Amino acid sequence: MARFALISLGCSKNLVDSELMADGLLAAGYEKVEPEAAEVLLINTCAFIDPAKQEAIDTILAAARAREAGESPADQKIVVTGCLSQRYAKDLVKSLPEADCFVGVDLIGEIVPIVQAVLEGRADKIYSTKVSTLLPDFSAFRFRLTPSHYAYVKIAEGCNHACAYCAIPRIRGRHRSRPQANVLREVQGLVARGVKEINLIAQDTTYYGMDRWEQKATKTSGVDSGRGESLASLLREINGIPGDFWIRVLYTHPAHWSRELIETMASCEKVVKYVDIPLQHIADHILEEQRRMTDGDDIRRLLREMRKAMPDIGLRTTFISGLPGETEEDHAELRDFIREFRFERAGVFPYSREEGTLAAKMKNQVHHATRKRRANELSMIQAGIADEIGQAAVGKTIRVLVDEPGLARGPWDAPDVDGTIHVDPQLPVGEFAEVMIADAIAYELFAEGAEEAFSQDESGCEL
């Protein structure tokens with residue numbers, strides 16, 4: 001069979017799709033190699049915002065240049081999958097002739113016959129559905145692209161929100177929750193294979209199960225016949241699985257948190273006290289224009305309830321600066337909000353005007369220089385808060401999960417997006433350890449035992 005390589009771009013949700021494609025090809029007898037040796041190169045793309053689209057296009061063009069320069073096989077086939085293909089396939093056929101075909105998000109389960117057709121020269125240029133409805137059975141063993149000690153578990157696909165700045169529902173379709181039993185089978189299998197951290201992901205994890213409530217209500221003439229499965233019930237079930245492992249919840253929406261969910265997170269000992277909750281803004285009229293289904297008072301009340309129930313919680317959020325209609329007063333309110341609530345982890349991004357979204361058509365677009373200035377100001381404030389929070393950790397003992405020799409993550413650190421903790425290089429990779437924090441620089445913490453390693457050069461001489 002042929003040799004294939006896979007480059008996965010974008011978020012962890014995309015990474016799970018890449019794992020499924022890789023597993024399908026391996027099961028069919030294909031050999032996984034590095035891009036420079038592959039007969040077919042799959043590039044799984046993101047198309048969320050302009051920088052993501054540009055990264056995808058640059059990656060495709062770089063692969064084509066490598067092929068032309070003889071750095072990869074001259075007849076290497078380039079297959080572009082994922083969100084970029086789903087959103088722009090017809091345009092890309094003309095603008096990116098370097099790619100051999102484009103595969104949308106619903107066709108990842110058909111990747112084996114598609115790749116075979118590409119290699120045999122009989123493939124179509126586009127494999128895509130108009131509306132995404134696929135919900136694969138992720139519980140089957142798949143070829144994981146993460147280290148062996150942590151995994152992402154996609155509990156739902158799609159999104160029912162109509163956030164004015166976001167094109168994801170147009171790409172991924174409406175929200176579809178996996179059955180709880182199906183998710184549990186996957187988690188049980190991962191824990192049995194030694195996984196120490198389960199990261200639950202979806203476009204909106206807090207909406208998990210709600211689509212099933214809606215379907216049930218429709219079938220009973222509009223009468224709600226019981227809520228049933230939810231993120232809270234799922235967390236309780238996973239928490240009951242035997243073993244020593246963390247459960248981390250990513251991508252939650254502020255409009256769908258409940259008291260039950262807060263109490264569940266607080267009471268489940270395996271659930272790390274970390275909440276990833278993109279808030280995007282705090283000014284009421286901006287939240288309304290964004291169609292976020294919540295307001296500033298509700299957000300403030302929710303955050304206070306979380307901190308009261310879980311005093312040791314780490315709150316991670318993101319903000320979009322410079323949305324259409326944002327005034328200096330709105331910016332000042334967001335600035336004061338960040339200073340007041342002192343988020344343990346936060347990112348600030350200038351607004352990206354995405355075609356096909358409601359916000360792209362709005363009047364009062366903020367000048368790109370103003371967006372950047374405001375985002376930079378907020379980022380500087382958050383950097384100062386992060387440094388103070390890091391210094392407050394000095395002298396404390398933290399449970400960490402060792403990712404590689406000398407590097408670990410604590411409960412407030414999700415893979416690839418948050419900080420790291422420098423630890424004793426002798427600590428075993430993929431295992432938990434208790435470490436004492438000796439120093440900190442913003443999101444980077446340094447534990448006892450790491451200091452010697454960082455104060456000596458390779459010859460062993462102290463610097």
# chains A, B, ... in the order shown; residues from 1 in each chain; ligands from 1
call {"tool": "select_by_dssp", "arguments": {"residues": "segment 11-162 of chain A", "states": "helix (DSSP H, G or I)", "output": "VMD selection string"}}
result
chain A and resid 12 to 27 35 to 37 50 to 68 83 to 95 105 to 119
call {"tool": "residues_around", "arguments": {"residues": "segment 425-442 of chain A", "least_positions_apart": "5", "cutoff": "7 Å", "atoms": "only C-alpha atoms", "output": "ChimeraX atom specification"}}
result
/A:149,383,386-387,390-391,393-406,447-448
call {"tool": "select_by_dssp", "arguments": {"residues": "segment 201-282 of chain A", "states": "strand (DSSP E)", "output": "short mmCIF file (atom, residue, chain, number, x, y, z; two decimals) with all heavy atoms, in the first residue's frame"}}
result
data_model
loop_
_atom_site.label_atom_id
_atom_site.label_comp_id
_atom_site.auth_asym_id
_atom_site.auth_seq_id
_atom_site.Cartn_x
_atom_site.Cartn_y
_atom_site.Cartn_z
N ILE A 201 -14.24 17.97 24.47
CA ILE A 201 -14.30 19.08 23.53
C ILE A 201 -15.57 19.01 22.68
O ILE A 201 -16.16 17.95 22.49
CB ILE A 201 -13.06 19.11 22.60
CG1 ILE A 201 -12.94 17.79 21.83
CG2 ILE A 201 -11.80 19.39 23.39
CD1 ILE A 201 -11.85 17.80 20.77
N TRP A 246 -7.25 12.90 35.13
CA TRP A 246 -7.91 14.19 35.14
C TRP A 246 -9.01 14.22 34.09
O TRP A 246 -8.90 13.59 33.03
CB TRP A 246 -6.92 15.30 34.79
CG TRP A 246 -6.08 15.80 35.92
CD1 TRP A 246 -6.25 15.56 37.25
CD2 TRP A 246 -4.92 16.65 35.82
NE1 TRP A 246 -5.29 16.20 37.98
CE2 TRP A 246 -4.46 16.88 37.13
CE3 TRP A 246 -4.25 17.23 34.76
CZ2 TRP A 246 -3.35 17.67 37.39
CZ3 TRP A 246 -3.14 18.02 35.01
CH2 TRP A 246 -2.69 18.23 36.31
N ILE A 247 -10.05 15.02 34.37
CA ILE A 247 -11.08 15.35 33.38
C ILE A 247 -11.04 16.86 33.21
O ILE A 247 -11.16 17.60 34.18
CB ILE A 247 -12.49 14.92 33.84
CG1 ILE A 247 -12.51 13.44 34.23
CG2 ILE A 247 -13.52 15.20 32.75
CD1 ILE A 247 -13.75 13.04 35.03
N ARG A 248 -10.88 17.31 31.97
CA ARG A 248 -10.83 18.74 31.69
C ARG A 248 -11.93 19.08 30.69
O ARG A 248 -12.12 18.38 29.69
CB ARG A 248 -9.47 19.14 31.11
CG ARG A 248 -9.26 20.64 31.01
CD ARG A 248 -7.90 20.96 30.38
NE ARG A 248 -6.79 20.44 31.15
CZ ARG A 248 -6.26 21.04 32.21
NH1 ARG A 248 -6.74 22.20 32.62
NH2 ARG A 248 -5.24 20.49 32.85
N VAL A 249 -12.65 20.16 30.95
CA VAL A 249 -13.75 20.58 30.09
C VAL A 249 -13.34 21.85 29.34
O VAL A 249 -13.00 22.86 29.95
CB VAL A 249 -15.04 20.85 30.90
CG1 VAL A 249 -16.17 21.26 29.96
CG2 VAL A 249 -15.44 19.62 31.70
N TYR A 274 -10.88 23.97 36.50
CA TYR A 274 -10.44 24.81 35.38
C TYR A 274 -11.64 24.96 34.46
O TYR A 274 -12.28 23.96 34.11
CB TYR A 274 -9.29 24.12 34.66
CG TYR A 274 -8.89 24.68 33.30
CD1 TYR A 274 -7.80 25.53 33.19
CD2 TYR A 274 -9.56 24.30 32.14
CE1 TYR A 274 -7.40 26.01 31.94
CE2 TYR A 274 -9.16 24.78 30.90
CZ TYR A 274 -8.08 25.62 30.80
OH TYR A 274 -7.69 26.09 29.58
N VAL A 275 -11.96 26.18 34.10
CA VAL A 275 -13.10 26.42 33.21
C VAL A 275 -12.64 27.24 32.02
O VAL A 275 -12.12 28.35 32.17
CB VAL A 275 -14.25 27.14 33.94
CG1 VAL A 275 -15.30 27.62 32.94
CG2 VAL A 275 -14.89 26.21 34.96
N ASP A 276 -12.80 26.68 30.85
CA ASP A 276 -12.54 27.38 29.60
C ASP A 276 -13.86 27.97 29.14
O ASP A 276 -14.76 27.24 28.71
CB ASP A 276 -11.98 26.39 28.57
CG ASP A 276 -11.84 27.01 27.19
OD1 ASP A 276 -11.60 28.22 27.11
OD2 ASP A 276 -11.97 26.27 26.20
#
call {"tool": "residues_around", "arguments": {"residues": "segment 307-319 of chain A", "least_positions_apart": "2", "cutoff": "6 Å", "atoms": "only C-alpha atoms", "output": "compact mmCIF listing (two decimals) with C-alpha atoms, in the first residue's frame"}}
result
# COMPACT_ATOMS: atom_id res chain seq x y z
CA ALA A 266 -17.06 21.26 42.38
CA LYS A 273 -10.93 23.05 38.67
CA TYR A 274 -10.44 24.81 35.38
CA VAL A 275 -13.10 26.42 33.21
CA ASP A 276 -12.54 27.38 29.60
CA ILE A 277 -15.31 29.94 28.99
CA PRO A 278 -14.88 32.32 26.03
CA GLN A 280 -15.81 37.63 24.06
CA HIS A 281 -16.97 40.89 25.70
CA ARG A 304 -18.82 34.87 41.14
CA GLU A 305 -20.83 31.67 41.61
CA PHE A 343 -8.59 35.77 34.97
CA GLU A 344 -5.97 33.10 35.54
CA ARG A 345 -5.71 32.57 31.78
CA ALA A 346 -6.95 34.93 29.05
CA GLY A 347 -6.33 35.78 25.42
CA VAL A 348 -7.34 38.95 23.58
CA TRP A 412 -4.92 25.35 35.11
call {"tool": "closest_residue", "arguments": {"among": "A:Met210, A:Ile7, A:Ala89, A:Ile241", "to": "Glu55 of chain A", "atoms": "only C-alpha atoms"}}
result
A:Ile7
call {"tool": "residues_around", "arguments": {"residues": "Ile111 of chain A", "least_positions_apart": "4", "cutoff": "10 Å", "atoms": "only C-alpha atoms", "output": "mmCIF file with all heavy atoms, in the first residue's frame"}}
result
data_model
loop_
_atom_site.group_PDB
_atom_site.id
_atom_site.type_symbol
_atom_site.label_atom_id
_atom_site.label_comp_id
_atom_site.auth_asym_id
_atom_site.auth_seq_id
_atom_site.Cartn_x
_atom_site.Cartn_y
_atom_site.Cartn_z
ATOM 1 N N LEU A 20 -8.992 10.222 13.195
ATOM 2 C CA LEU A 20 -9.894 9.267 12.558
ATOM 3 C C LEU A 20 -9.441 8.941 11.142
ATOM 4 O O LEU A 20 -9.480 7.773 10.713
ATOM 5 C CB LEU A 20 -11.313 9.818 12.548
ATOM 6 C CG LEU A 20 -12.051 9.831 13.881
ATOM 7 C CD1 LEU A 20 -13.363 10.595 13.753
ATOM 8 C CD2 LEU A 20 -12.330 8.422 14.370
ATOM 9 N N MET A 21 -9.024 9.951 10.390
ATOM 10 C CA MET A 21 -8.553 9.702 9.030
ATOM 11 C C MET A 21 -7.285 8.860 9.031
ATOM 12 O O MET A 21 -7.147 7.927 8.227
ATOM 13 C CB MET A 21 -8.329 11.032 8.308
ATOM 14 C CG MET A 21 -9.614 11.765 7.970
ATOM 15 S SD MET A 21 -9.366 13.195 6.877
ATOM 16 C CE MET A 21 -8.586 14.344 8.014
ATOM 17 N N ALA A 22 -6.360 9.195 9.921
ATOM 18 C CA ALA A 22 -5.121 8.421 10.009
ATOM 19 C C ALA A 22 -5.402 6.965 10.352
ATOM 20 O O ALA A 22 -4.817 6.046 9.769
ATOM 21 C CB ALA A 22 -4.182 9.045 11.045
ATOM 22 N N GLY A 24 -8.147 5.264 9.765
ATOM 23 C CA GLY A 24 -8.758 4.589 8.628
ATOM 24 C C GLY A 24 -7.736 4.168 7.591
ATOM 25 O O GLY A 24 -7.791 3.046 7.063
ATOM 26 N N LEU A 25 -6.790 5.047 7.313
ATOM 27 C CA LEU A 25 -5.761 4.721 6.324
ATOM 28 C C LEU A 25 -4.826 3.628 6.826
ATOM 29 O O LEU A 25 -4.448 2.719 6.070
ATOM 30 C CB LEU A 25 -4.972 5.991 5.976
ATOM 31 C CG LEU A 25 -5.748 7.028 5.155
ATOM 32 C CD1 LEU A 25 -5.039 8.374 5.171
ATOM 33 C CD2 LEU A 25 -5.918 6.543 3.721
ATOM 34 N N LEU A 42 -2.051 14.567 3.253
ATOM 35 C CA LEU A 42 -3.327 15.117 3.678
ATOM 36 C C LEU A 42 -3.071 16.351 4.540
ATOM 37 O O LEU A 42 -2.278 16.299 5.489
ATOM 38 C CB LEU A 42 -4.126 14.097 4.484
ATOM 39 C CG LEU A 42 -4.854 12.992 3.703
ATOM 40 C CD1 LEU A 42 -3.866 11.930 3.223
ATOM 41 C CD2 LEU A 42 -5.912 12.339 4.568
ATOM 42 N N VAL A 79 -4.014 16.275 -0.766
ATOM 43 C CA VAL A 79 -5.442 16.197 -0.480
ATOM 44 C C VAL A 79 -5.746 17.166 0.655
ATOM 45 O O VAL A 79 -5.203 17.034 1.754
ATOM 46 C CB VAL A 79 -5.858 14.760 -0.086
ATOM 47 C CG1 VAL A 79 -7.336 14.717 0.300
ATOM 48 C CG2 VAL A 79 -5.579 13.794 -1.238
ATOM 49 N N THR A 81 -8.303 18.622 3.341
ATOM 50 C CA THR A 81 -9.519 18.230 4.051
ATOM 51 C C THR A 81 -9.903 19.311 5.057
ATOM 52 O O THR A 81 -9.192 20.286 5.252
ATOM 53 C CB THR A 81 -9.312 16.897 4.793
ATOM 54 O OG1 THR A 81 -8.349 17.093 5.849
ATOM 55 C CG2 THR A 81 -8.800 15.807 3.868
ATOM 56 N N VAL A 103 -11.687 17.811 0.342
ATOM 57 C CA VAL A 103 -12.610 16.911 1.034
ATOM 58 C C VAL A 103 -13.232 17.649 2.217
ATOM 59 O O VAL A 103 -12.526 18.123 3.104
ATOM 60 C CB VAL A 103 -11.892 15.642 1.529
ATOM 61 C CG1 VAL A 103 -12.884 14.686 2.190
ATOM 62 C CG2 VAL A 103 -11.164 14.953 0.382
ATOM 63 N N LEU A 107 -16.907 14.003 5.017
ATOM 64 C CA LEU A 107 -16.400 12.874 4.233
ATOM 65 C C LEU A 107 -15.139 12.250 4.824
ATOM 66 O O LEU A 107 -14.470 11.458 4.154
ATOM 67 C CB LEU A 107 -16.126 13.326 2.800
ATOM 68 C CG LEU A 107 -17.313 13.331 1.832
ATOM 69 C CD1 LEU A 107 -17.900 11.933 1.674
ATOM 70 C CD2 LEU A 107 -18.379 14.310 2.231
ATOM 71 N N VAL A 115 -8.697 8.659 -1.126
ATOM 72 C CA VAL A 115 -7.242 8.648 -1.328
ATOM 73 C C VAL A 115 -6.863 7.651 -2.416
ATOM 74 O O VAL A 115 -6.013 7.925 -3.281
ATOM 75 C CB VAL A 115 -6.515 8.333 -0.006
ATOM 76 C CG1 VAL A 115 -5.055 7.970 -0.265
ATOM 77 C CG2 VAL A 115 -6.598 9.526 0.939
ATOM 78 N N GLN A 116 -7.510 6.507 -2.409
ATOM 79 C CA GLN A 116 -7.222 5.507 -3.436
ATOM 80 C C GLN A 116 -7.553 6.039 -4.825
ATOM 81 O O GLN A 116 -6.795 5.852 -5.784
ATOM 82 C CB GLN A 116 -8.018 4.225 -3.162
ATOM 83 C CG GLN A 116 -7.584 3.031 -3.998
ATOM 84 C CD GLN A 116 -6.136 2.628 -3.761
ATOM 85 O OE1 GLN A 116 -5.634 2.726 -2.639
ATOM 86 N NE2 GLN A 116 -5.464 2.182 -4.813
ATOM 87 N N ALA A 117 -8.684 6.745 -4.919
ATOM 88 C CA ALA A 117 -9.067 7.328 -6.208
ATOM 89 C C ALA A 117 -8.066 8.394 -6.651
ATOM 90 O O ALA A 117 -7.742 8.497 -7.845
ATOM 91 C CB ALA A 117 -10.469 7.924 -6.105
ATOM 92 N N TYR A 127 -15.065 16.642 -2.839
ATOM 93 C CA TYR A 127 -15.893 15.677 -2.114
ATOM 94 C C TYR A 127 -16.457 16.425 -0.907
ATOM 95 O O TYR A 127 -15.752 16.684 0.061
ATOM 96 C CB TYR A 127 -15.076 14.480 -1.638
ATOM 97 C CG TYR A 127 -14.567 13.595 -2.757
ATOM 98 C CD1 TYR A 127 -13.346 13.862 -3.377
ATOM 99 C CD2 TYR A 127 -15.301 12.490 -3.185
ATOM 100 C CE1 TYR A 127 -12.868 13.048 -4.393
ATOM 101 C CE2 TYR A 127 -14.837 11.676 -4.204
ATOM 102 C CZ TYR A 127 -13.616 11.961 -4.807
ATOM 103 O OH TYR A 127 -13.159 11.156 -5.822
#
call {"tool": "atom_distance", "arguments": {"atom1": "atom CA of Arg174 of chain A", "atom2": "atom CA of Cys83 of chain A"}}
result
14.6 Å
call {"tool": "atom_distance", "arguments": {"atom1": "atom CA of Leu26 of chain A", "atom2": "atom CA of Arg144 of chain A"}}
result
11.8 Å
call {"tool": "atom_distance", "arguments": {"atom1": "atom CA of Val187 of chain A", "atom2": "atom CA of Gly82 of chain A"}}
result
24.7 Å
call {"tool": "residues_around", "arguments": {"residues": "Ala202 of chain A", "least_positions_apart": "3", "cutoff": "10 Å", "atoms": "only C-alpha atoms", "output": "list in words"}}
result
Ser12, Lys13, Tyr152, Val153, Lys154, Ile155, Ala156, Glu157, Gly158, Cys159, His175, Arg176, Ser177, Thr205, Thr206, Tyr207, Tyr208, Val249, Leu250, Tyr251 and Thr252 of chain A
call {"tool": "closest_residue", "arguments": {"among": "A:Ile299, A:Leu323, A:Ile262, A:Ile338", "to": "His367 of chain A", "atoms": "only C-alpha atoms"}}
result
A:Leu323
call {"tool": "closest_residue", "arguments": {"among": "A:Asp418, A:Gln203, A:Gly322, A:Asp336", "to": "Gln365 of chain A", "atoms": "only C-alpha atoms"}}
result
A:Gly322
call {"tool": "residues_around", "arguments": {"residues": "Ser128 of chain A", "least_positions_apart": "2", "cutoff": "12 Å", "atoms": "only C-alpha atoms", "output": "PyMOL selection string"}}
result
chain A and resi 80-90+101-111+114+124-126+130-134+171-172
call {"tool": "write_last_selection", "arguments": {"atoms": "C-alpha atoms", "output": "mmCIF file, in the first residue's frame"}}
result
data_model
loop_
_atom_site.group_PDB
_atom_site.id
_atom_site.type_symbol
_atom_site.label_atom_id
_atom_site.label_comp_id
_atom_site.auth_asym_id
_atom_site.auth_seq_id
_atom_site.Cartn_x
_atom_site.Cartn_y
_atom_site.Cartn_z
ATOM 1 C CA VAL A 80 -6.953 19.157 1.397
ATOM 2 C CA THR A 81 -9.519 18.230 4.051
ATOM 3 C CA GLY A 82 -11.433 19.982 6.812
ATOM 4 C CA CYS A 83 -13.070 23.367 7.270
ATOM 5 C CA LEU A 84 -11.331 25.217 4.424
ATOM 6 C CA SER A 85 -12.534 22.579 1.962
ATOM 7 C CA GLN A 86 -16.033 22.591 3.425
ATOM 8 C CA ARG A 87 -16.332 26.369 3.223
ATOM 9 C CA TYR A 88 -14.475 27.281 0.030
ATOM 10 C CA ALA A 89 -14.000 24.159 -2.104
ATOM 11 C CA LYS A 90 -15.447 25.606 -5.330
ATOM 12 C CA CYS A 101 -8.743 17.344 -4.374
ATOM 13 C CA PHE A 102 -10.723 18.963 -1.564
ATOM 14 C CA VAL A 103 -12.610 16.911 1.034
ATOM 15 C CA GLY A 104 -15.266 18.437 3.312
ATOM 16 C CA VAL A 105 -15.768 17.687 6.998
ATOM 17 C CA ASP A 106 -18.531 15.100 6.466
ATOM 18 C CA LEU A 107 -16.400 12.874 4.233
ATOM 19 C CA ILE A 108 -13.621 12.006 6.676
ATOM 20 C CA GLY A 109 -15.107 8.516 7.003
ATOM 21 C CA GLU A 110 -14.656 8.043 3.240
ATOM 22 C CA ILE A 111 -11.029 9.098 3.192
ATOM 23 C CA ILE A 114 -11.010 8.979 -1.804
ATOM 24 C CA ASP A 124 -13.180 14.167 -8.335
ATOM 25 C CA LYS A 125 -11.881 17.607 -7.457
ATOM 26 C CA ILE A 126 -14.438 18.106 -4.661
ATOM 27 C CA LYS A 130 -23.860 21.061 1.269
ATOM 28 C CA VAL A 131 -24.814 20.825 4.960
ATOM 29 C CA SER A 132 -22.718 19.008 7.558
ATOM 30 C CA THR A 133 -24.686 16.364 9.469
ATOM 31 C CA LEU A 134 -22.067 13.701 10.226
ATOM 32 C CA ILE A 171 -19.160 24.959 8.201
ATOM 33 C CA ARG A 172 -19.928 22.302 10.810
#
call {"tool": "decode", "arguments": {"residues": "segment 28-38 of chain A", "atoms": "all heavy atoms", "output": "compact mmCIF listing (two decimals), in the first residue's frame"}}
result
# COMPACT_ATOMS: atom_id res chain seq x y z
N ALA A 28 -6.41 0.30 6.58
CA ALA A 28 -6.50 -0.16 5.20
C ALA A 28 -5.14 -0.59 4.64
O ALA A 28 -5.06 -1.02 3.48
CB ALA A 28 -7.09 0.94 4.33
N GLY A 29 -4.09 -0.48 5.45
CA GLY A 29 -2.77 -0.94 5.03
C GLY A 29 -1.81 0.13 4.57
O GLY A 29 -0.68 -0.16 4.18
N TYR A 30 -2.24 1.39 4.62
CA TYR A 30 -1.34 2.48 4.25
C TYR A 30 -0.28 2.66 5.34
O TYR A 30 -0.50 2.37 6.51
CB TYR A 30 -2.11 3.79 4.07
CG TYR A 30 -2.94 3.84 2.82
CD1 TYR A 30 -4.15 3.18 2.75
CD2 TYR A 30 -2.51 4.57 1.70
CE1 TYR A 30 -4.93 3.23 1.59
CE2 TYR A 30 -3.29 4.62 0.54
CZ TYR A 30 -4.49 3.95 0.49
OH TYR A 30 -5.25 4.00 -0.65
N GLU A 31 0.87 3.17 4.94
CA GLU A 31 1.98 3.41 5.88
C GLU A 31 2.09 4.90 6.17
O GLU A 31 2.12 5.71 5.25
CB GLU A 31 3.29 2.91 5.28
CG GLU A 31 4.50 3.14 6.19
CD GLU A 31 5.81 2.78 5.52
OE1 GLU A 31 5.78 2.32 4.35
OE2 GLU A 31 6.87 2.97 6.16
N LYS A 32 2.16 5.27 7.44
CA LYS A 32 2.29 6.68 7.83
C LYS A 32 3.77 7.06 7.88
O LYS A 32 4.56 6.42 8.57
CB LYS A 32 1.64 6.93 9.19
CG LYS A 32 1.57 8.41 9.57
CD LYS A 32 0.81 8.59 10.89
CE LYS A 32 0.68 10.07 11.24
NZ LYS A 32 1.98 10.72 11.45
N VAL A 33 4.12 8.12 7.14
CA VAL A 33 5.50 8.58 7.06
C VAL A 33 5.54 10.10 7.20
O VAL A 33 4.51 10.75 7.35
CB VAL A 33 6.14 8.16 5.71
CG1 VAL A 33 6.20 6.64 5.60
CG2 VAL A 33 5.36 8.76 4.53
N GLU A 34 6.72 10.66 7.11
CA GLU A 34 6.88 12.11 7.12
C GLU A 34 6.50 12.68 5.75
O GLU A 34 6.57 11.98 4.74
CB GLU A 34 8.32 12.49 7.47
CG GLU A 34 8.74 12.12 8.88
CD GLU A 34 7.87 12.78 9.94
OE1 GLU A 34 7.64 14.01 9.82
OE2 GLU A 34 7.42 12.08 10.85
N PRO A 35 6.09 13.97 5.70
CA PRO A 35 5.63 14.56 4.43
C PRO A 35 6.61 14.41 3.27
O PRO A 35 6.19 14.21 2.12
CB PRO A 35 5.42 16.04 4.79
CG PRO A 35 5.05 16.00 6.24
CD PRO A 35 5.89 14.90 6.83
N GLU A 36 7.91 14.50 3.55
CA GLU A 36 8.89 14.43 2.47
C GLU A 36 9.00 13.05 1.83
O GLU A 36 9.62 12.89 0.77
CB GLU A 36 10.27 14.90 2.95
CG GLU A 36 10.83 14.07 4.10
CD GLU A 36 10.47 14.65 5.46
OE1 GLU A 36 9.49 15.42 5.53
OE2 GLU A 36 11.16 14.31 6.44
N ALA A 37 8.40 12.03 2.46
CA ALA A 37 8.45 10.67 1.91
C ALA A 37 7.10 10.15 1.46
O ALA A 37 6.99 9.02 1.00
CB ALA A 37 9.05 9.71 2.97
N ALA A 38 6.06 10.97 1.57
CA ALA A 38 4.70 10.50 1.34
C ALA A 38 4.30 10.55 -0.14
O ALA A 38 4.65 11.49 -0.86
CB ALA A 38 3.72 11.32 2.16
